[in-house]
Amino acid sequence: MKKKSIKRRITLWYTLVLVIVLSIFLGGAFLASEQYSKTEMKEELIDEVGDLEEDISKYPDYFPSNDLLAYYDDGVMLGIYNSKGDLINGIIPDDFPIDHPFVKTDVQEVSNKTDKWYVYDKVFIWNDDEVYWIRGIHSYSEISHLVDMLTKWILILFPILISFTAFVGYLMISKSLRPVQEITDKVNEITHSADLSLRLQESESHDELSYLAETFNDMLDNIEDQFIREKQFSSDAAHELRTPISVILSHCEYMLQDMELNKEEREEIEIMYEKSQYMSNLVDALLLISRTEKKNYKINLDEFDLSVLAESVVDDMEIEASRKNIHIRFVDQLEDASFVGDMTLIIRLFTNLISNSIKYGKENGNILVQLQEENGLITLLFEDNGIGIPKESLDKIWDRFYQVETSRANSQGFGLGLFMVRRIVQLHKGTIEVSSSFGEGTRFVITLPKLSKLES
Ligand code: ADP
């Protein structure tokens, strides 16, 4: 299943929230301030026009040609016009359209190609019958320019700010979630190595993740404890069974060799002998497994000649193979066969794999056992043209007591052989792979480090 990243999801969500909140906030602040400055301007304009009218009333002697009156204040330009629309005093912007009609209504907006203004006209009557206009003009081009500039900057800075925040946030989330990745890696390591003695690193941060690691370690302690007790039980049980089974075996051997038995009695004792032998093999296998699975189990390291060992196992197995007329081909391509490892376990590895190839081989079949060396690694190949393993069983054959349904009926095994083989390979820090075609044959490839890895 495709892995979905929490980091990416959280970053996406908070970036989205940030974009929405910032857009609302900036947009709102922007509109409000624009609206506010426009309203301020209009009020200022109306006030200034009103002030001029008051000043004219205060100093009637100087009207209409009084240059002492203020015609510019707080950005507002003021002009006095006669009834024909001629400017008789005051100041107006250079590019303001001179013939713009006078209106008595509220503030108007006037613009040409380059400028924009607010205009407020007020009529007043002088000497009862002379009509004059006071016109106030306030430019808002500057505000417009400012607004345009601000919009441009916001449009440039907004994505940069969002990307920067998203990036920094992503780094921070990654840092906070790093322990989760470490926990996942460790749990994977525990799962794949099946080593229950491994523990998660508990950090000093005393946060949720360190608590999770602690809880997990407690759980592992419990599982390991249970596991050790279970293993101890099977090891003790196997020990206890060993002696009575050997007694039964030796009694059977004695009866078969030294006693006068009729045909029926002999057959019965032979069955007992065979079954006891089977039990004895099972107990041996269980003891070997529990021994090699002990927490601090260390393999015995011997230096020996792998070619000689492999050849002698192959020779021993030939008698068994000949019962099914199976031919074992031994190909040794090792130039230097010296090997450091546990000799007893390596013999067990060869025996188990070759005996499986015989057990599950077809009459008149072939087995290939090949030794090769590449880049300091020894490769052992076991190939047969036997009954093969169904695809769905390939990853289960390594489990304890697992037997493929089709092989159960005619097998003398108990499903521990490959479990042991894999354990032996693990103890020698090697790898094992299987490939098989059901009905056509099976191939096991084992790689083992030659010397150095084990010694270090
Ligand atoms: P067993 O004691 O049953 O042989 P193993 O652990 O050695 O147990 O093998 C597990 C199962 O894998 C066997 O039951 C068998 O079905 C299958 N198997 C192992 N080796 C071979 C092989 N060379 N060819 C076909 N099947 C095999």
# chains A, B, ... in the order shown; residues from 1 in each chain; ligands from 1
>>> select_by_dssp(residues="stretch 124-265 of chain A", states="strand (DSSP E)", output="list in words")
Phe124, Ile125, Trp126, Glu130, Val131, Tyr132, Trp133, Ile134, Arg135, Gly136, Ile137, His138 and Ser139 of chain A
>>> write_last_selection(atoms="N, CA and C atoms", output="mmCIF file, in the first residue's frame")
data_model
loop_
_atom_site.group_PDB
_atom_site.id
_atom_site.type_symbol
_atom_site.label_atom_id
_atom_site.label_comp_id
_atom_site.auth_asym_id
_atom_site.auth_seq_id
_atom_site.Cartn_x
_atom_site.Cartn_y
_atom_site.Cartn_z
ATOM 1 N N PHE A 124 -22.839 79.612 -3.306
ATOM 2 C CA PHE A 124 -23.254 80.576 -2.283
ATOM 3 C C PHE A 124 -23.643 81.911 -2.955
ATOM 4 N N ILE A 125 -24.557 82.576 -2.307
ATOM 5 C CA ILE A 125 -25.131 83.805 -2.887
ATOM 6 C C ILE A 125 -24.500 85.015 -2.188
ATOM 7 N N TRP A 126 -24.032 85.929 -2.975
ATOM 8 C CA TRP A 126 -23.347 87.139 -2.453
ATOM 9 C C TRP A 126 -24.202 88.351 -2.800
ATOM 10 N N GLU A 130 -25.855 87.735 -6.357
ATOM 11 C CA GLU A 130 -24.702 87.221 -7.129
ATOM 12 C C GLU A 130 -24.426 85.757 -6.736
ATOM 13 N N VAL A 131 -24.365 84.919 -7.771
ATOM 14 C CA VAL A 131 -24.155 83.470 -7.504
ATOM 15 C C VAL A 131 -22.676 83.119 -7.709
ATOM 16 N N TYR A 132 -22.110 82.494 -6.710
ATOM 17 C CA TYR A 132 -20.720 82.005 -6.795
ATOM 18 C C TYR A 132 -20.655 80.515 -6.422
ATOM 19 N N TRP A 133 -19.588 79.901 -6.897
ATOM 20 C CA TRP A 133 -19.344 78.478 -6.544
ATOM 21 C C TRP A 133 -17.986 78.360 -5.842
ATOM 22 N N ILE A 134 -17.997 77.586 -4.793
ATOM 23 C CA ILE A 134 -16.686 77.209 -4.223
ATOM 24 C C ILE A 134 -16.463 75.750 -4.617
ATOM 25 N N ARG A 135 -15.321 75.522 -5.219
ATOM 26 C CA ARG A 135 -15.015 74.118 -5.624
ATOM 27 C C ARG A 135 -13.788 73.621 -4.846
ATOM 28 N N GLY A 136 -13.970 72.517 -4.135
ATOM 29 C CA GLY A 136 -12.844 71.870 -3.435
ATOM 30 C C GLY A 136 -12.414 70.627 -4.204
ATOM 31 N N ILE A 137 -11.097 70.494 -4.383
ATOM 32 C CA ILE A 137 -10.584 69.321 -5.145
ATOM 33 C C ILE A 137 -9.516 68.616 -4.291
ATOM 34 N N HIS A 138 -9.702 67.357 -4.154
ATOM 35 C CA HIS A 138 -8.701 66.555 -3.393
ATOM 36 C C HIS A 138 -8.233 65.416 -4.285
ATOM 37 N N SER A 139 -6.954 65.369 -4.552
ATOM 38 C CA SER A 139 -6.462 64.299 -5.431
ATOM 39 C C SER A 139 -6.367 62.982 -4.637
#
>>> closest_atom_pairs(of="chain A", to="ligand 1", cutoff="9 Å", atoms="only C-alpha atoms and all ligand atoms", output="CSV")
residue,atom,partner,partner_atom_place_in_ligand_line,distance
A:Asn352,CA,ligand 1,7 (O),6.4
A:Leu353,CA,ligand 1,20 (N),6.7
A:Ile354,CA,ligand 1,23 (N),7.5
A:Ser355,CA,ligand 1,23 (N),8.0
A:Asn356,CA,ligand 1,20 (N),4.7
A:Ser357,CA,ligand 1,23 (N),3.9
A:Ile358,CA,ligand 1,23 (N),7.3
A:Lys359,CA,ligand 1,4 (O),7.4
A:Tyr360,CA,ligand 1,24 (N),4.7
A:Gly361,CA,ligand 1,24 (N),6.5
A:Phe382,CA,ligand 1,23 (N),8.2
A:Glu383,CA,ligand 1,23 (N),7.5
A:Asp384,CA,ligand 1,23 (N),6.4
A:Asn385,CA,ligand 1,24 (N),8.1
A:Gly386,CA,ligand 1,24 (N),5.7
A:Ile387,CA,ligand 1,25 (C),5.4
A:Gly388,CA,ligand 1,25 (C),4.2
A:Ile389,CA,ligand 1,26 (N),4.9
A:Pro390,CA,ligand 1,26 (N),8.4
A:Ser393,CA,ligand 1,12 (O),8.0
A:Leu394,CA,ligand 1,12 (O),7.9
A:Lys396,CA,ligand 1,10 (C),8.2
A:Ile397,CA,ligand 1,10 (C),4.7
A:Trp398,CA,ligand 1,6 (O),6.3
A:Asp399,CA,ligand 1,6 (O),7.4
A:Arg400,CA,ligand 1,6 (O),7.2
A:Phe401,CA,ligand 1,6 (O),6.9
A:Tyr402,CA,ligand 1,10 (C),5.7
A:Gln403,CA,ligand 1,14 (O),3.3
A:Val404,CA,ligand 1,16 (O),3.9
A:Glu405,CA,ligand 1,16 (O),6.9
A:Thr406,CA,ligand 1,16 (O),6.8
A:Ser407,CA,ligand 1,16 (O),4.7
A:Arg408,CA,ligand 1,14 (O),6.1
A:Ser411,CA,ligand 1,3 (O),6.2
A:Gln412,CA,ligand 1,2 (O),6.7
A:Gly413,CA,ligand 1,2 (O),3.1
A:Phe414,CA,ligand 1,2 (O),4.0
A:Gly415,CA,ligand 1,8 (O),3.1
A:Leu416,CA,ligand 1,6 (O),4.3
A:Gly417,CA,ligand 1,7 (O),3.5
A:Leu418,CA,ligand 1,6 (O),3.7
A:Phe419,CA,ligand 1,6 (O),5.6
A:Met420,CA,ligand 1,6 (O),7.6
A:Val421,CA,ligand 1,6 (O),8.2
A:Ser436,CA,ligand 1,24 (N),7.9
A:Phe438,CA,ligand 1,25 (C),8.2
A:Gly439,CA,ligand 1,25 (C),8.7
A:Gly441,CA,ligand 1,24 (N),6.4
A:Thr442,CA,ligand 1,24 (N),5.3
A:Arg443,CA,ligand 1,23 (N),7.2
A:Phe444,CA,ligand 1,23 (N),8.0
>>> residues_around(residues="stretch 429-432 of chain A", least_positions_apart="2", cutoff="8 Å", atoms="only C-alpha atoms", output="JSON list (two decimals) with N, CA and C atoms, in the first residue's frame")
[["chain", "number", "residue", "atom", "x", "y", "z"],
["A", 422, "ARG", "N", 17.33, -21.80, 8.38],
["A", 422, "ARG", "CA", 17.36, -20.33, 8.37],
["A", 422, "ARG", "C", 18.07, -19.78, 9.62],
["A", 425, "VAL", "N", 21.75, -20.09, 9.13],
["A", 425, "VAL", "CA", 22.24, -19.04, 8.22],
["A", 425, "VAL", "C", 22.32, -17.71, 8.97],
["A", 426, "GLN", "N", 21.27, -17.42, 9.77],
["A", 426, "GLN", "CA", 21.28, -16.15, 10.54],
["A", 426, "GLN", "C", 22.47, -16.11, 11.49],
["A", 427, "LEU", "N", 22.71, -17.24, 12.18],
["A", 427, "LEU", "CA", 23.81, -17.27, 13.14],
["A", 427, "LEU", "C", 25.16, -17.06, 12.46],
["A", 434, "VAL", "N", 14.73, -18.70, -1.51],
["A", 434, "VAL", "CA", 14.18, -19.89, -2.14],
["A", 434, "VAL", "C", 13.39, -19.47, -3.37],
["A", 444, "PHE", "N", 17.41, -23.48, -3.51],
["A", 444, "PHE", "CA", 17.77, -22.67, -2.35],
["A", 444, "PHE", "C", 19.14, -22.08, -2.61],
["A", 445, "VAL", "N", 19.27, -20.76, -2.39],
["A", 445, "VAL", "CA", 20.57, -20.11, -2.55],
["A", 445, "VAL", "C", 20.95, -19.47, -1.22],
["A", 446, "ILE", "N", 22.11, -19.89, -0.72],
["A", 446, "ILE", "CA", 22.57, -19.37, 0.57],
["A", 446, "ILE", "C", 23.88, -18.63, 0.36],
["A", 447, "THR", "N", 24.00, -17.45, 0.96],
["A", 447, "THR", "CA", 25.31, -16.80, 0.91],
["A", 447, "THR", "C", 25.83, -16.69, 2.33],
["A", 448, "LEU", "N", 27.10, -17.00, 2.51],
["A", 448, "LEU", "CA", 27.71, -16.93, 3.84],
["A", 448, "LEU", "C", 29.01, -16.13, 3.75],
["A", 449, "PRO", "N", 29.22, -15.21, 4.68],
["A", 449, "PRO", "CA", 30.50, -14.51, 4.66],
["A", 449, "PRO", "C", 31.61, -15.50, 5.03],
["A", 453, "LYS", "N", 33.66, -11.47, 8.83],
["A", 453, "LYS", "CA", 32.49, -10.94, 9.54],
["A", 453, "LYS", "C", 32.27, -11.61, 10.87],
["A", 454, "LEU", "N", 32.48, -12.93, 10.87],
["A", 454, "LEU", "CA", 32.22, -13.69, 12.10],
["A", 454, "LEU", "C", 33.26, -13.39, 13.16]]
>>> closest_atom_pairs(of="stretch 343-411 of chain A", to="stretch 296-300 of chain A", cutoff="9 Å", atoms="only C-alpha atoms", output="JSON lines")
{"residue": "A:Met343", "atom": "CA", "partner": "A:Asn300", "partner_atom": "CA", "distance": 7.9}
{"residue": "A:Thr344", "atom": "CA", "partner": "A:Asn300", "partner_atom": "CA", "distance": 8.8}
{"residue": "A:Leu345", "atom": "CA", "partner": "A:Ile299", "partner_atom": "CA", "distance": 8.7}
>>> write_last_selection(atoms="N, CA, C and O atoms", output="tab-separated table (two decimals), in the first residue's frame")
chain	number	residue	atom	x	y	z
A	343	MET	N	30.81	-26.05	12.74
A	343	MET	CA	30.83	-27.20	11.86
A	343	MET	C	29.57	-28.06	12.02
A	343	MET	O	28.95	-28.47	11.03
A	344	THR	N	29.15	-28.27	13.28
A	344	THR	CA	27.97	-29.12	13.51
A	344	THR	C	26.74	-28.50	12.85
A	344	THR	O	25.93	-29.21	12.22
A	345	LEU	N	26.62	-27.18	12.99
A	345	LEU	CA	25.44	-26.51	12.41
A	345	LEU	C	25.49	-26.54	10.88
A	345	LEU	O	24.47	-26.73	10.22
>>> residues_around(residues="stretch 17-24 of chain A", least_positions_apart="5", cutoff="9 Å", atoms="only C-alpha atoms", output="VMD selection string")
chain A and resid 12 29 158 162 165
>>> write_last_selection(atoms="all heavy atoms", output="mmCIF file, in the first residue's frame")
data_model
loop_
_atom_site.group_PDB
_atom_site.id
_atom_site.type_symbol
_atom_site.label_atom_id
_atom_site.label_comp_id
_atom_site.auth_asym_id
_atom_site.auth_seq_id
_atom_site.Cartn_x
_atom_site.Cartn_y
_atom_site.Cartn_z
ATOM 1 N N LEU A 12 0.236 20.665 4.489
ATOM 2 C CA LEU A 12 -0.777 21.111 3.534
ATOM 3 C C LEU A 12 -1.941 21.799 4.239
ATOM 4 O O LEU A 12 -2.392 22.865 3.846
ATOM 5 C CB LEU A 12 -1.274 19.879 2.775
ATOM 6 C CG LEU A 12 -1.710 20.150 1.355
ATOM 7 C CD1 LEU A 12 -0.489 20.376 0.487
ATOM 8 C CD2 LEU A 12 -2.503 18.965 0.839
ATOM 9 N N ALA A 29 -8.221 44.082 5.927
ATOM 10 C CA ALA A 29 -7.490 45.268 6.395
ATOM 11 C C ALA A 29 -7.283 46.240 5.241
ATOM 12 O O ALA A 29 -7.435 47.457 5.379
ATOM 13 C CB ALA A 29 -6.147 44.837 6.960
ATOM 14 N N PHE A 158 3.195 37.595 -0.656
ATOM 15 C CA PHE A 158 2.275 36.596 -0.117
ATOM 16 C C PHE A 158 2.732 35.158 -0.426
ATOM 17 O O PHE A 158 2.929 34.361 0.495
ATOM 18 C CB PHE A 158 0.875 36.881 -0.679
ATOM 19 C CG PHE A 158 -0.214 36.128 -0.004
ATOM 20 C CD1 PHE A 158 -0.660 36.493 1.262
ATOM 21 C CD2 PHE A 158 -0.812 35.037 -0.617
ATOM 22 C CE1 PHE A 158 -1.675 35.804 1.888
ATOM 23 C CE2 PHE A 158 -1.820 34.334 0.003
ATOM 24 C CZ PHE A 158 -2.253 34.727 1.254
ATOM 25 N N ILE A 162 4.122 32.510 2.311
ATOM 26 C CA ILE A 162 3.432 31.224 2.517
ATOM 27 C C ILE A 162 4.405 30.073 2.284
ATOM 28 O O ILE A 162 4.481 29.127 3.087
ATOM 29 C CB ILE A 162 2.225 31.095 1.548
ATOM 30 C CG1 ILE A 162 1.167 32.148 1.883
ATOM 31 C CG2 ILE A 162 1.621 29.701 1.568
ATOM 32 C CD1 ILE A 162 0.437 31.937 3.170
ATOM 33 N N THR A 165 6.847 29.862 5.172
ATOM 34 C CA THR A 165 6.217 29.297 6.384
ATOM 35 C C THR A 165 5.985 27.799 6.213
ATOM 36 O O THR A 165 6.221 27.010 7.135
ATOM 37 C CB THR A 165 4.869 29.995 6.654
ATOM 38 O OG1 THR A 165 5.016 31.361 6.392
ATOM 39 C CG2 THR A 165 4.387 29.761 8.054
#
>>> residues_around(residues="stretch 312-329 of chain A", least_positions_apart="3", cutoff="8 Å", atoms="only C-alpha atoms", output="PyMOL selection string")
chain A and resi 308-309+347+350-351+354-355+358+361-369
>>> write_last_selection(atoms="N, CA, C and O atoms", output="PDB file, in the first residue's frame")
ATOM      1  N   VAL A 308      35.400 -30.233   1.762  1.00  0.00           N
ATOM      2  CA  VAL A 308      35.490 -31.599   2.310  1.00  0.00           C
ATOM      3  C   VAL A 308      34.218 -31.937   3.073  1.00  0.00           C
ATOM      4  O   VAL A 308      33.629 -33.007   2.902  1.00  0.00           O
ATOM      5  N   LEU A 309      33.769 -30.967   3.896  1.00  0.00           N
ATOM      6  CA  LEU A 309      32.558 -31.205   4.692  1.00  0.00           C
ATOM      7  C   LEU A 309      31.348 -31.458   3.776  1.00  0.00           C
ATOM      8  O   LEU A 309      30.608 -32.428   3.945  1.00  0.00           O
ATOM      9  N   ILE A 347      26.918 -28.801   9.049  1.00  0.00           N
ATOM     10  CA  ILE A 347      26.566 -30.166   8.614  1.00  0.00           C
ATOM     11  C   ILE A 347      25.045 -30.305   8.614  1.00  0.00           C
ATOM     12  O   ILE A 347      24.436 -30.828   7.691  1.00  0.00           O
ATOM     13  N   PHE A 350      23.512 -28.622   5.535  1.00  0.00           N
ATOM     14  CA  PHE A 350      23.624 -29.440   4.315  1.00  0.00           C
ATOM     15  C   PHE A 350      22.680 -30.633   4.388  1.00  0.00           C
ATOM     16  O   PHE A 350      21.982 -30.947   3.426  1.00  0.00           O
ATOM     17  N   THR A 351      22.670 -31.300   5.558  1.00  0.00           N
ATOM     18  CA  THR A 351      21.849 -32.514   5.687  1.00  0.00           C
ATOM     19  C   THR A 351      20.367 -32.183   5.479  1.00  0.00           C
ATOM     20  O   THR A 351      19.674 -32.873   4.727  1.00  0.00           O
ATOM     21  N   ILE A 354      19.671 -31.249   1.687  1.00  0.00           N
ATOM     22  CA  ILE A 354      19.769 -32.376   0.745  1.00  0.00           C
ATOM     23  C   ILE A 354      18.688 -33.408   1.052  1.00  0.00           C
ATOM     24  O   ILE A 354      18.040 -33.943   0.145  1.00  0.00           O
ATOM     25  N   SER A 355      18.445 -33.620   2.364  1.00  0.00           N
ATOM     26  CA  SER A 355      17.436 -34.649   2.679  1.00  0.00           C
ATOM     27  C   SER A 355      16.050 -34.176   2.237  1.00  0.00           C
ATOM     28  O   SER A 355      15.235 -34.974   1.784  1.00  0.00           O
ATOM     29  N   ILE A 358      15.736 -34.903  -1.361  1.00  0.00           N
ATOM     30  CA  ILE A 358      15.478 -36.330  -1.614  1.00  0.00           C
ATOM     31  C   ILE A 358      14.020 -36.650  -1.280  1.00  0.00           C
ATOM     32  O   ILE A 358      13.296 -37.257  -2.068  1.00  0.00           O
ATOM     33  N   GLY A 361      11.843 -35.138  -3.725  1.00  0.00           N
ATOM     34  CA  GLY A 361      12.307 -35.350  -5.099  1.00  0.00           C
ATOM     35  C   GLY A 361      11.496 -36.456  -5.766  1.00  0.00           C
ATOM     36  O   GLY A 361      10.858 -37.267  -5.096  1.00  0.00           O
ATOM     37  N   LYS A 362      11.526 -36.458  -7.110  1.00  0.00           N
ATOM     38  CA  LYS A 362      10.790 -37.510  -7.824  1.00  0.00           C
ATOM     39  C   LYS A 362      11.734 -38.685  -8.061  1.00  0.00           C
ATOM     40  O   LYS A 362      12.953 -38.516  -8.077  1.00  0.00           O
ATOM     41  N   GLU A 363      11.161 -39.847  -8.259  1.00  0.00           N
ATOM     42  CA  GLU A 363      11.956 -41.036  -8.612  1.00  0.00           C
ATOM     43  C   GLU A 363      12.801 -40.693  -9.827  1.00  0.00           C
ATOM     44  O   GLU A 363      12.329 -39.997 -10.733  1.00  0.00           O
ATOM     45  N   ASN A 364      14.047 -41.167  -9.858  1.00  0.00           N
ATOM     46  CA  ASN A 364      15.003 -40.927 -10.954  1.00  0.00           C
ATOM     47  C   ASN A 364      15.334 -39.444 -11.152  1.00  0.00           C
ATOM     48  O   ASN A 364      15.710 -39.023 -12.244  1.00  0.00           O
ATOM     49  N   GLY A 365      15.136 -38.662 -10.083  1.00  0.00           N
ATOM     50  CA  GLY A 365      15.374 -37.216 -10.207  1.00  0.00           C
ATOM     51  C   GLY A 365      16.839 -36.842 -10.065  1.00  0.00           C
ATOM     52  O   GLY A 365      17.723 -37.706  -9.960  1.00  0.00           O
ATOM     53  N   ASN A 366      17.082 -35.532 -10.077  1.00  0.00           N
ATOM     54  CA  ASN A 366      18.450 -35.021  -9.951  1.00  0.00           C
ATOM     55  C   ASN A 366      18.519 -33.946  -8.887  1.00  0.00           C
ATOM     56  O   ASN A 366      17.587 -33.164  -8.718  1.00  0.00           O
ATOM     57  N   ILE A 367      19.686 -33.923  -8.212  1.00  0.00           N
ATOM     58  CA  ILE A 367      19.923 -32.866  -7.231  1.00  0.00           C
ATOM     59  C   ILE A 367      21.281 -32.256  -7.551  1.00  0.00           C
ATOM     60  O   ILE A 367      22.229 -32.974  -7.860  1.00  0.00           O
ATOM     61  N   LEU A 368      21.348 -30.934  -7.489  1.00  0.00           N
ATOM     62  CA  LEU A 368      22.641 -30.275  -7.697  1.00  0.00           C
ATOM     63  C   LEU A 368      23.030 -29.562  -6.407  1.00  0.00           C
ATOM     64  O   LEU A 368      22.246 -28.812  -5.839  1.00  0.00           O
ATOM     65  N   VAL A 369      24.251 -29.844  -5.942  1.00  0.00           N
ATOM     66  CA  VAL A 369      24.791 -29.114  -4.783  1.00  0.00           C
ATOM     67  C   VAL A 369      26.050 -28.411  -5.283  1.00  0.00           C
ATOM     68  O   VAL A 369      26.979 -29.069  -5.759  1.00  0.00           O
TER      69      VAL A 369
END
>>> residues_around(residues="A:Pro101", least_positions_apart="2", cutoff="10 Å", atoms="only C-alpha atoms", output="PyMOL selection string")
chain A and resi 85+97-99+103+121
>>> residues_around(residues="A:Leu286", least_positions_apart="6", cutoff="9 Å", atoms="only C-alpha atoms", output="list in words")
Ser234, Ser235, Ala238 and Leu416 of chain A
>>> select_by_dssp(residues="stretch 193-409 of chain A", states="helix (DSSP H, G or I)", output="PyMOL selection string")
chain A and resi 193+208-258+263-292+306-322+343-359+391-393+405-408
>>> atom_distance(atom1="atom CA of A:Glu224", atom2="atom CA of A:Leu196")
5.7 Å
>>> closest_residue(among="A:Ile173, A:Arg8, A:Tyr72, A:Ser197", to="A:Asp225", atoms="only C-alpha atoms")
A:Ser197
>>> closest_residue(among="A:Glu267, A:Ile228, A:Gly341, A:His239", to="A:Lys295", atoms="only C-alpha atoms")
A:Ile228
>>> closest_residue(among="A:Thr11, A:Asn217, A:Gln232, A:Thr379", to="A:Lys294", atoms="only C-alpha atoms")
A:Gln232
>>> atom_distance(atom1="atom CA of A:Phe339", atom2="atom CA of A:Glu189")
28.4 Å
